[in-house]
file query_5.cif (mmCIF, C-alpha atoms and all ligand atoms)
data_work
#
loop_
_atom_site.label_atom_id
_atom_site.label_comp_id
_atom_site.auth_asym_id
_atom_site.auth_seq_id
_atom_site.Cartn_x
_atom_site.Cartn_y
_atom_site.Cartn_z
CA MET A 10 8.13 17.62 17.44
CA LYS A 11 11.18 15.51 18.06
CA GLU A 12 9.46 12.16 17.75
CA ILE A 13 8.14 13.08 14.31
CA ASP A 14 11.67 13.73 13.13
CA ARG A 15 12.53 10.27 14.30
CA VAL A 16 9.67 8.86 12.26
CA ILE A 17 10.91 10.69 9.19
CA ASP A 18 14.39 9.24 9.69
CA ALA A 19 12.84 5.80 10.21
CA ALA A 20 15.86 5.24 12.46
CA ASP A 21 14.11 2.37 14.25
CA GLY A 22 12.82 0.71 11.13
CA PHE A 23 9.67 1.16 9.11
CA HIS A 24 6.06 1.23 10.22
CA GLN A 25 4.50 -2.18 10.62
CA CYS A 26 2.00 -1.87 7.81
CA TRP A 27 0.66 -3.79 4.85
CA TYR A 28 2.73 -2.49 1.94
CA PRO A 29 1.66 -2.82 -1.70
CA LEU A 30 4.51 -4.34 -3.70
CA ALA A 31 3.20 -4.98 -7.18
CA LEU A 32 0.16 -5.12 -9.39
CA ALA A 33 -1.43 -8.55 -8.89
CA ASP A 34 -1.37 -9.01 -12.68
CA ASP A 35 2.44 -8.69 -12.67
CA VAL A 36 2.92 -11.51 -10.15
CA SER A 37 3.12 -14.91 -11.80
CA GLY A 38 4.10 -18.50 -11.21
CA GLU A 39 6.49 -18.32 -14.14
CA MET A 40 9.11 -15.81 -13.00
CA PRO A 41 10.07 -14.36 -9.60
CA LEU A 42 9.63 -10.59 -9.47
CA GLY A 43 12.25 -8.57 -7.53
CA ILE A 44 11.06 -5.51 -5.58
CA ASP A 45 13.14 -3.02 -3.60
CA VAL A 46 11.20 -2.22 -0.44
CA LEU A 47 11.85 -1.39 3.24
CA GLY A 48 15.52 -0.77 2.56
CA THR A 49 15.91 -4.36 1.38
CA ARG A 50 14.81 -6.51 -1.52
CA VAL A 51 12.12 -9.18 -1.81
CA VAL A 52 10.94 -11.67 -4.40
CA VAL A 53 7.29 -12.11 -5.24
CA TYR A 54 5.76 -15.06 -7.09
CA ARG A 55 2.75 -17.40 -6.98
CA ASP A 56 2.90 -20.86 -5.46
CA ALA A 57 1.24 -23.97 -6.92
CA THR A 58 -2.19 -22.80 -5.69
CA GLY A 59 -1.75 -19.31 -7.19
CA THR A 60 -1.30 -17.70 -3.78
CA PRO A 61 1.31 -14.90 -3.68
CA VAL A 62 4.55 -15.67 -1.86
CA ILE A 63 6.87 -12.87 -0.69
CA GLN A 64 10.37 -13.75 0.48
CA THR A 65 13.71 -12.11 1.19
CA ALA A 66 15.65 -11.83 -2.07
CA TRP A 67 19.13 -12.43 -0.61
CA CYS A 68 20.25 -16.06 -0.73
CA PRO A 69 21.48 -17.32 2.68
CA HIS A 70 24.40 -19.11 0.97
CA LEU A 71 26.45 -16.24 -0.53
CA GLY A 72 23.85 -13.54 -0.97
CA ALA A 73 22.87 -13.85 -4.61
CA ASP A 74 19.71 -12.03 -5.71
CA LEU A 75 17.03 -14.73 -5.81
CA ALA A 76 14.94 -12.55 -8.13
CA ARG A 77 17.56 -13.46 -10.76
CA GLY A 78 16.77 -17.12 -10.19
CA GLU A 79 14.02 -19.28 -11.55
CA LEU A 80 10.85 -20.95 -10.40
CA ILE A 81 11.20 -24.71 -10.70
CA GLU A 82 7.93 -26.49 -9.91
CA ARG A 83 6.86 -23.17 -8.35
CA GLN A 84 9.83 -23.21 -5.99
CA LEU A 85 12.49 -20.54 -5.96
CA ARG A 86 15.91 -21.64 -7.23
CA CYS A 87 18.98 -19.47 -6.66
CA PRO A 88 20.79 -18.47 -9.87
CA TYR A 89 24.23 -19.05 -8.33
CA HIS A 90 24.49 -22.65 -6.98
CA HIS A 91 20.90 -23.72 -7.56
CA TRP A 92 19.82 -24.14 -3.94
CA ARG A 93 16.06 -24.43 -3.93
CA PHE A 94 13.59 -22.96 -1.40
CA ASP A 95 9.99 -23.91 -0.71
CA ARG A 96 7.07 -21.51 -0.15
CA ASN A 97 7.84 -21.43 3.60
CA GLY A 98 11.43 -20.35 2.93
CA ARG A 99 13.05 -23.68 3.80
CA CYS A 100 15.95 -24.85 1.63
CA ILE A 101 14.86 -28.21 0.24
CA ASP A 102 17.58 -28.99 -2.25
CA ILE A 103 21.32 -28.46 -2.61
CA PRO A 104 22.38 -30.05 -5.91
CA THR A 105 25.79 -31.22 -4.56
CA GLY A 106 23.91 -33.49 -2.12
CA ASP A 107 25.43 -31.70 0.93
CA LYS A 108 23.47 -31.86 4.17
CA ILE A 109 21.09 -28.87 4.30
CA PRO A 110 22.13 -26.60 7.19
CA PRO A 111 19.34 -25.37 9.50
CA GLY A 112 20.28 -21.76 8.69
CA ALA A 113 19.56 -22.28 4.99
CA ARG A 114 16.25 -20.41 5.14
CA ILE A 115 14.80 -17.24 3.71
CA PHE A 116 12.19 -15.14 5.49
CA THR A 117 8.62 -15.40 4.20
CA PHE A 118 6.53 -12.26 4.73
CA PRO A 119 2.82 -12.36 5.56
CA ALA A 120 1.22 -11.80 2.14
CA ALA A 121 -2.20 -10.76 0.86
CA GLU A 122 -3.87 -10.02 -2.44
CA ALA A 123 -6.52 -7.32 -2.60
CA TRP A 124 -7.61 -4.34 -4.72
CA GLY A 125 -5.53 -5.51 -7.68
CA LEU A 126 -2.34 -5.52 -5.58
CA VAL A 127 -0.06 -7.93 -3.77
CA TRP A 128 0.75 -6.78 -0.23
CA ALA A 129 3.44 -7.67 2.32
CA PHE A 130 3.20 -7.02 6.04
CA ASN A 131 6.35 -5.63 7.65
CA GLY A 132 6.66 -8.12 10.51
CA ARG A 133 6.56 -11.79 11.39
CA ALA A 134 2.81 -11.78 11.88
CA PRO A 135 0.28 -9.13 10.80
CA LEU A 136 -0.88 -6.77 13.55
CA PHE A 137 -4.11 -6.05 11.64
CA ALA A 138 -6.07 -7.06 8.55
CA PRO A 139 -5.16 -5.83 5.04
CA PRO A 140 -6.56 -2.39 4.03
CA ARG A 141 -10.21 -1.91 3.08
CA ILE A 142 -12.22 0.69 1.25
CA PRO A 143 -15.00 1.78 3.62
CA GLY A 144 -18.57 0.70 2.94
CA ILE A 145 -17.87 -1.84 0.21
CA GLU A 146 -16.42 -5.27 -0.51
CA GLU A 147 -14.04 -5.77 -3.40
CA SER A 148 -16.42 -8.34 -4.93
CA GLU A 149 -19.08 -5.62 -5.32
CA LEU A 150 -16.84 -3.43 -7.47
CA VAL A 151 -15.24 -3.25 -10.84
CA ILE A 152 -11.80 -1.82 -10.22
CA HIS A 153 -8.84 -0.34 -12.01
CA THR A 154 -5.42 -0.35 -10.32
CA GLN A 155 -2.25 1.32 -11.50
CA ALA A 156 1.26 2.19 -10.35
CA ARG A 157 2.40 5.72 -9.55
CA PRO A 158 5.78 7.42 -10.03
CA ALA A 159 8.23 7.41 -7.11
CA ARG A 160 8.24 10.20 -4.54
CA ARG A 161 10.92 11.48 -2.23
CA LEU A 162 8.65 11.40 0.81
CA PRO A 163 7.67 8.62 3.19
CA PRO A 164 4.24 7.15 2.42
CA TRP A 165 2.68 8.60 5.59
CA VAL A 166 3.15 12.18 4.34
CA GLY A 167 1.03 11.53 1.23
CA VAL A 168 -1.55 9.73 3.38
CA SER A 169 -1.89 12.81 5.60
CA ASN A 170 -3.89 14.26 2.67
CA GLY A 171 -6.75 12.03 3.81
CA VAL A 172 -7.29 14.02 7.00
CA ASP A 173 -6.08 17.37 5.64
CA PHE A 174 -9.57 18.78 5.14
CA GLN A 175 -8.21 22.27 4.57
CA HIS A 176 -6.39 21.20 1.42
CA LEU A 177 -9.46 19.38 0.05
CA ARG A 178 -11.18 22.75 -0.29
CA ALA A 179 -8.14 24.91 -1.10
CA LEU A 180 -6.14 22.73 -3.47
CA HIS A 181 -8.81 20.36 -4.80
CA ASN A 182 -11.77 22.73 -4.67
CA LEU A 183 -14.00 19.99 -3.24
CA GLN A 184 -17.21 21.20 -1.61
CA THR A 185 -16.51 19.41 1.62
CA SER A 186 -16.34 20.44 5.26
CA THR A 187 -14.42 19.12 8.24
CA PRO A 188 -15.83 16.25 10.30
CA GLU A 189 -16.55 16.96 13.98
CA THR A 190 -14.54 13.94 15.00
CA ILE A 191 -12.29 11.33 13.53
CA ASP A 192 -12.20 7.86 15.01
CA VAL A 193 -8.59 6.97 15.85
CA GLY A 194 -7.81 3.32 16.56
CA ASP A 195 -4.44 1.63 17.08
CA HIS A 196 -3.96 0.81 13.40
CA ALA A 197 -6.63 2.77 11.53
CA ILE A 198 -8.41 6.13 11.44
CA GLU A 199 -11.92 6.52 10.11
CA PHE A 200 -14.29 9.45 9.58
CA ARG A 201 -17.59 10.11 7.90
CA MET A 202 -19.22 13.30 6.66
CA GLU A 203 -22.71 13.22 5.29
CA THR A 204 -25.13 15.78 3.93
CA GLU A 205 -28.11 15.20 1.68
CA ARG A 206 -26.05 15.52 -1.47
CA TYR A 207 -22.60 14.55 -0.32
CA LEU A 208 -20.96 11.66 1.49
CA GLN A 209 -17.31 11.26 2.29
CA HIS A 210 -16.38 8.14 4.23
CA GLY A 211 -12.63 7.90 4.66
CA ARG A 212 -10.32 5.39 6.22
CA ILE A 213 -6.58 5.37 6.82
CA THR A 214 -5.14 1.90 7.38
CA GLY A 215 -1.67 1.78 8.90
CA THR A 216 0.29 4.87 7.88
CA ASN A 217 0.45 4.14 4.16
CA VAL A 218 -3.09 3.64 2.86
CA PHE A 219 -5.92 6.12 2.47
CA ALA A 220 -9.21 4.91 1.04
CA GLN A 221 -12.57 6.55 0.70
CA HIS A 222 -16.07 6.28 -0.57
CA LEU A 223 -17.16 9.54 -2.13
CA HIS A 224 -20.75 10.21 -3.11
CA ARG A 225 -21.19 13.45 -5.04
CA ASP A 226 -23.22 14.73 -7.97
CA GLY A 227 -25.33 11.57 -7.68
CA SER A 228 -22.45 9.16 -8.28
CA ASN A 229 -20.41 6.87 -6.05
CA VAL A 230 -16.67 6.52 -6.39
CA TYR A 231 -14.45 4.24 -4.33
CA MET A 232 -10.72 4.85 -4.19
CA LEU A 233 -7.61 3.65 -2.45
CA PHE A 234 -4.13 5.20 -2.41
CA ALA A 235 -1.30 3.03 -1.10
CA GLY A 236 2.41 3.68 -0.73
CA MET A 237 5.49 1.68 0.19
CA PRO A 238 8.96 2.85 1.26
CA VAL A 239 11.70 1.77 -1.13
CA ASP A 240 14.18 2.94 1.49
CA ARG A 241 14.44 5.80 3.97
CA HIS A 242 14.28 8.44 1.25
CA GLN A 243 12.03 7.23 -1.47
CA SER A 244 8.57 5.73 -1.80
CA ARG A 245 6.46 4.23 -4.55
CA GLY A 246 2.73 3.99 -4.76
CA PHE A 247 -0.39 2.68 -6.44
CA PHE A 248 -4.00 3.68 -6.65
CA THR A 249 -7.17 1.71 -7.11
CA VAL A 250 -10.45 3.20 -8.23
CA GLY A 251 -13.75 1.37 -8.28
CA VAL A 252 -17.43 1.69 -9.14
CA ARG A 253 -20.23 -0.64 -8.17
CA ASN A 254 -20.62 -3.63 -10.46
CA SER A 255 -24.10 -3.20 -11.92
CA GLY A 256 -24.46 -6.51 -13.74
CA ASP A 257 -22.83 -9.10 -15.96
CA ASP A 258 -24.56 -8.51 -19.29
CA ALA A 259 -22.74 -6.66 -22.05
CA GLU A 260 -24.71 -3.46 -21.53
CA ALA A 261 -23.97 -3.31 -17.79
CA ARG A 262 -20.31 -4.06 -18.40
CA HIS A 263 -20.08 -1.26 -20.91
CA ARG A 264 -21.86 1.16 -18.56
CA ASP A 265 -19.56 0.19 -15.66
CA ALA A 266 -16.49 0.61 -17.83
CA MET A 267 -17.60 4.14 -18.76
CA ARG A 268 -18.28 5.04 -15.11
CA LEU A 269 -14.96 3.52 -14.08
CA GLU A 270 -13.15 5.61 -16.67
CA GLY A 271 -14.86 8.75 -15.33
CA ALA A 272 -13.84 7.80 -11.78
CA ARG A 273 -10.26 7.13 -12.89
CA ARG A 274 -10.07 10.56 -14.52
CA PHE A 275 -11.36 12.16 -11.32
CA VAL A 276 -8.68 10.41 -9.23
CA GLU A 277 -5.98 11.28 -11.77
CA GLN A 278 -7.04 14.89 -11.47
CA LEU A 279 -6.74 14.81 -7.66
CA LEU A 280 -3.27 13.32 -7.99
CA ALA A 281 -2.26 15.84 -10.67
CA GLU A 282 -3.27 18.61 -8.26
CA ASP A 283 -1.30 17.07 -5.36
CA ASP A 284 1.84 16.11 -7.27
CA PRO A 285 3.39 19.54 -7.94
CA VAL A 286 3.06 20.33 -4.22
CA LEU A 287 4.05 16.99 -2.70
CA ASN A 288 6.94 16.47 -5.10
CA THR A 289 8.57 19.81 -4.34
CA MET A 290 7.80 20.47 -0.68
CA ARG A 291 10.32 20.19 2.12
CA PHE A 292 7.98 18.49 4.54
CA LYS A 293 7.93 19.53 8.16
CA ILE A 294 5.31 19.81 10.84
CA GLY A 295 5.26 23.56 11.20
CA VAL A 296 2.74 26.04 12.60
CA LEU A 297 -0.66 24.39 12.88
CA THR A 298 -4.04 26.05 13.45
CA ALA A 299 -7.46 24.96 14.72
CA SER A 300 -8.42 23.65 11.27
CA ASP A 301 -5.43 21.30 11.43
CA ARG A 302 -6.62 19.50 14.56
CA HIS A 303 -7.32 16.20 12.81
CA LEU A 304 -4.04 16.47 10.96
CA ALA A 305 -2.23 17.04 14.25
CA ARG A 306 -3.94 13.95 15.70
CA TYR A 307 -2.80 11.97 12.66
CA PHE A 308 0.81 13.05 13.19
CA LYS A 309 0.59 11.81 16.78
CA TYR A 310 -0.86 8.51 15.56
CA VAL A 311 2.02 8.20 13.08
CA ALA A 312 4.63 8.95 15.76
CA GLU A 313 3.18 6.22 17.98
CA PHE A 314 2.76 3.65 15.24
CA PRO A 315 4.75 0.41 15.77
CA ARG A 316 7.92 0.10 13.78
CA ALA A 317 10.31 -2.68 12.86
CA GLU A 318 13.24 -3.34 10.61
CA ALA A 319 12.24 -5.56 7.70
CA PRO A 320 12.83 -9.17 8.84
CA ALA A 321 15.94 -10.61 7.20
S1 LIG A 401 24.37 -17.96 -3.43
FE1 LIG A 401 22.48 -18.95 -3.62
S2 LIG A 401 22.93 -21.02 -3.84
FE2 LIG A 401 24.86 -20.05 -3.60
FE FE A 402 -4.76 15.77 -2.05
#
call {"tool": "encode", "arguments": {"input": "query_5.cif", "output": "structure tokens", "more": "lines below"}}
Ligand code: FES
Ligand SMILES: [Fe+2]
result
Amino acid sequence: MKEIDRVIDAADGFHQCWYPLALADDVSGEMPLGIDVLGTRVVVYRDATGTPVIQTAWCPHLGADLARGELIERQLRCPYHHWRFDRNGRCIDIPTGDKIPPGARIFTFPAAEAWGLVWAFNGRAPLFAPPRIPGIEESELVIHTQARPARRLPPWVGVSNGVDFQHLRALHNLQTSTPETIDVGDHAIEFRMETERYLQHGRITGTNVFAQHLHRDGSNVYMLFAGMPVDRHQSRGFFTVGVRNSGDDAEARHRDAMRLEGARRFVEQLLAEDDPVLNTMRFKIGVLTASDRHLARYFKYVAEFPRAEAPA
């Protein structure tokens, strides 16, 4: 599969996805946060309305790292010569009083906040909406979100777990089957398996997010796994786990917190089972069998997914 090798190399840029950059709680209006992503570096902060702003970290003057700068009135100020940039990336102040050149701009990524994370879209305009967990709105859940250690694999390899039904039984010992069909769109894949006692409703968004609603042993768990490429060799990730919010009184909050903790432990266990394999494998698309048909379809979807270099 030649084209898959090309995807692994990311020779033509990175997939045009919504990438999680940071925990929403770590993004403030006090200090810019620097993140290495997509083979480049960005700054993340909150503007005067609290909305996340994601911009190229390299100053257009001499290339200083703007993440080393400061937020002055919620505007990014370069640490080197104190040029200041607004939330649209326009330079609005050069302290010497020099005329501001038209090229004194930094790129502003499409940004979103969801599932306890701040996301950037790799492109000038998003090709699709930010990732969802199937069957639920964020407002209906209590969630817990946390960062994961780095991996030496592109995010789409980890996400292939979502349609690798063989490994769900073998590695994770889940009592699940394989869906007849998976629904492949341009920018998402969805499937649903339902028996009387078990429901698995999964969704891949882009090539870097797998989310699912799992109903088993009488309980509902919602989860989302999201990765972002640091560069061509390394990725970082996050996961979110959620349970339905059952009320606002103290008793309900306590009950939800206990259920959330149980759900978090379940997800941690899945990840602990995956990690020794994913962190040591030399990934390739090798000999596939009939049981791998959805996985094979996913690899085709990945190969065809739009790509772009991170805008500079
Ligand atoms: S390098 Fe940023 S203002 Fe000079
Ligand atoms: Fe897995």
call {"tool": "axis_aligned_box", "arguments": {"input": "query_5.cif", "around": "ligand LIG 401 (chain A)", "padding_each_side": "4 Å", "output": "AutoDock Vina command-line options"}}
result
--center_x 23.7 --center_y -19.5 --center_z -3.6 --size_x 10.4 --size_y 11.1 --size_z 8.4
call {"tool": "atom_distance", "arguments": {"input": "query_5.cif", "atom1": "CA of Val52 in chain A", "atom2": "CA of Ala31 in chain A"}}
result
10.6 Å
call {"tool": "atom_distance", "arguments": {"input": "query_5.cif", "atom1": "CA of Glu82 in chain A", "atom2": "CA of Ile101 in chain A"}}
result
12.4 Å
call {"tool": "closest_residue", "arguments": {"input": "query_5.cif", "among": "A:His153, A:Arg253, A:Arg201, A:Arg212", "to": "Asn170 in chain A", "atoms": "all atoms listed in the file"}}
result
A:Arg212
call {"tool": "residues_around", "arguments": {"input": "query_5.cif", "residues": "range 136-141 of chain A", "least_positions_apart": "5", "cutoff": "10 Å", "atoms": "all atoms listed in the file", "output": "PyMOL selection string"}}
result
chain A and resi 25-28+120-124+128-131+146-147+195-197+212-215+217-221+232-233+235+315
call {"tool": "write_last_selection", "arguments": {"input": "query_5.cif", "atoms": "C-alpha atoms", "output": "tab-separated table (two decimals), keeping the file's coordinate frame"}}
result
chain	number	residue	atom	x	y	z
A	25	GLN	CA	4.50	-2.18	10.62
A	26	CYS	CA	2.00	-1.87	7.81
A	27	TRP	CA	0.66	-3.79	4.85
A	28	TYR	CA	2.73	-2.49	1.94
A	120	ALA	CA	1.22	-11.80	2.14
A	121	ALA	CA	-2.20	-10.76	0.86
A	122	GLU	CA	-3.87	-10.02	-2.44
A	123	ALA	CA	-6.52	-7.32	-2.60
A	124	TRP	CA	-7.61	-4.34	-4.72
A	128	TRP	CA	0.75	-6.78	-0.23
A	129	ALA	CA	3.44	-7.67	2.32
A	130	PHE	CA	3.20	-7.02	6.04
A	131	ASN	CA	6.35	-5.63	7.65
A	146	GLU	CA	-16.42	-5.27	-0.51
A	147	GLU	CA	-14.04	-5.77	-3.40
A	195	ASP	CA	-4.44	1.63	17.08
A	196	HIS	CA	-3.96	0.81	13.40
A	197	ALA	CA	-6.63	2.77	11.53
A	212	ARG	CA	-10.32	5.39	6.22
A	213	ILE	CA	-6.58	5.37	6.82
A	214	THR	CA	-5.14	1.90	7.38
A	215	GLY	CA	-1.67	1.78	8.90
A	217	ASN	CA	0.45	4.14	4.16
A	218	VAL	CA	-3.09	3.64	2.86
A	219	PHE	CA	-5.92	6.12	2.47
A	220	ALA	CA	-9.21	4.91	1.04
A	221	GLN	CA	-12.57	6.55	0.70
A	232	MET	CA	-10.72	4.85	-4.19
A	233	LEU	CA	-7.61	3.65	-2.45
A	235	ALA	CA	-1.30	3.03	-1.10
A	315	PRO	CA	4.75	0.41	15.77
call {"tool": "closest_atom_pairs", "arguments": {"input": "query_5.cif", "of": "chain A", "to": "ligand LIG 401 (chain A)", "cutoff": "6 Å", "atoms": "only C-alpha atoms and all ligand atoms", "output": "CSV"}}
result
residue,atom,partner,partner_atom,distance
A:Cys68,CA,A:LIG401,FE1,4.7
A:His70,CA,A:LIG401,S1,4.5
A:Leu71,CA,A:LIG401,S1,4.0
A:Gly72,CA,A:LIG401,S1,5.1
A:Ala73,CA,A:LIG401,S1,4.5
A:Cys87,CA,A:LIG401,FE1,4.7
A:Tyr89,CA,A:LIG401,FE2,4.9
A:His90,CA,A:LIG401,S2,3.9
A:His91,CA,A:LIG401,S2,5.0
A:Trp92,CA,A:LIG401,S2,4.4
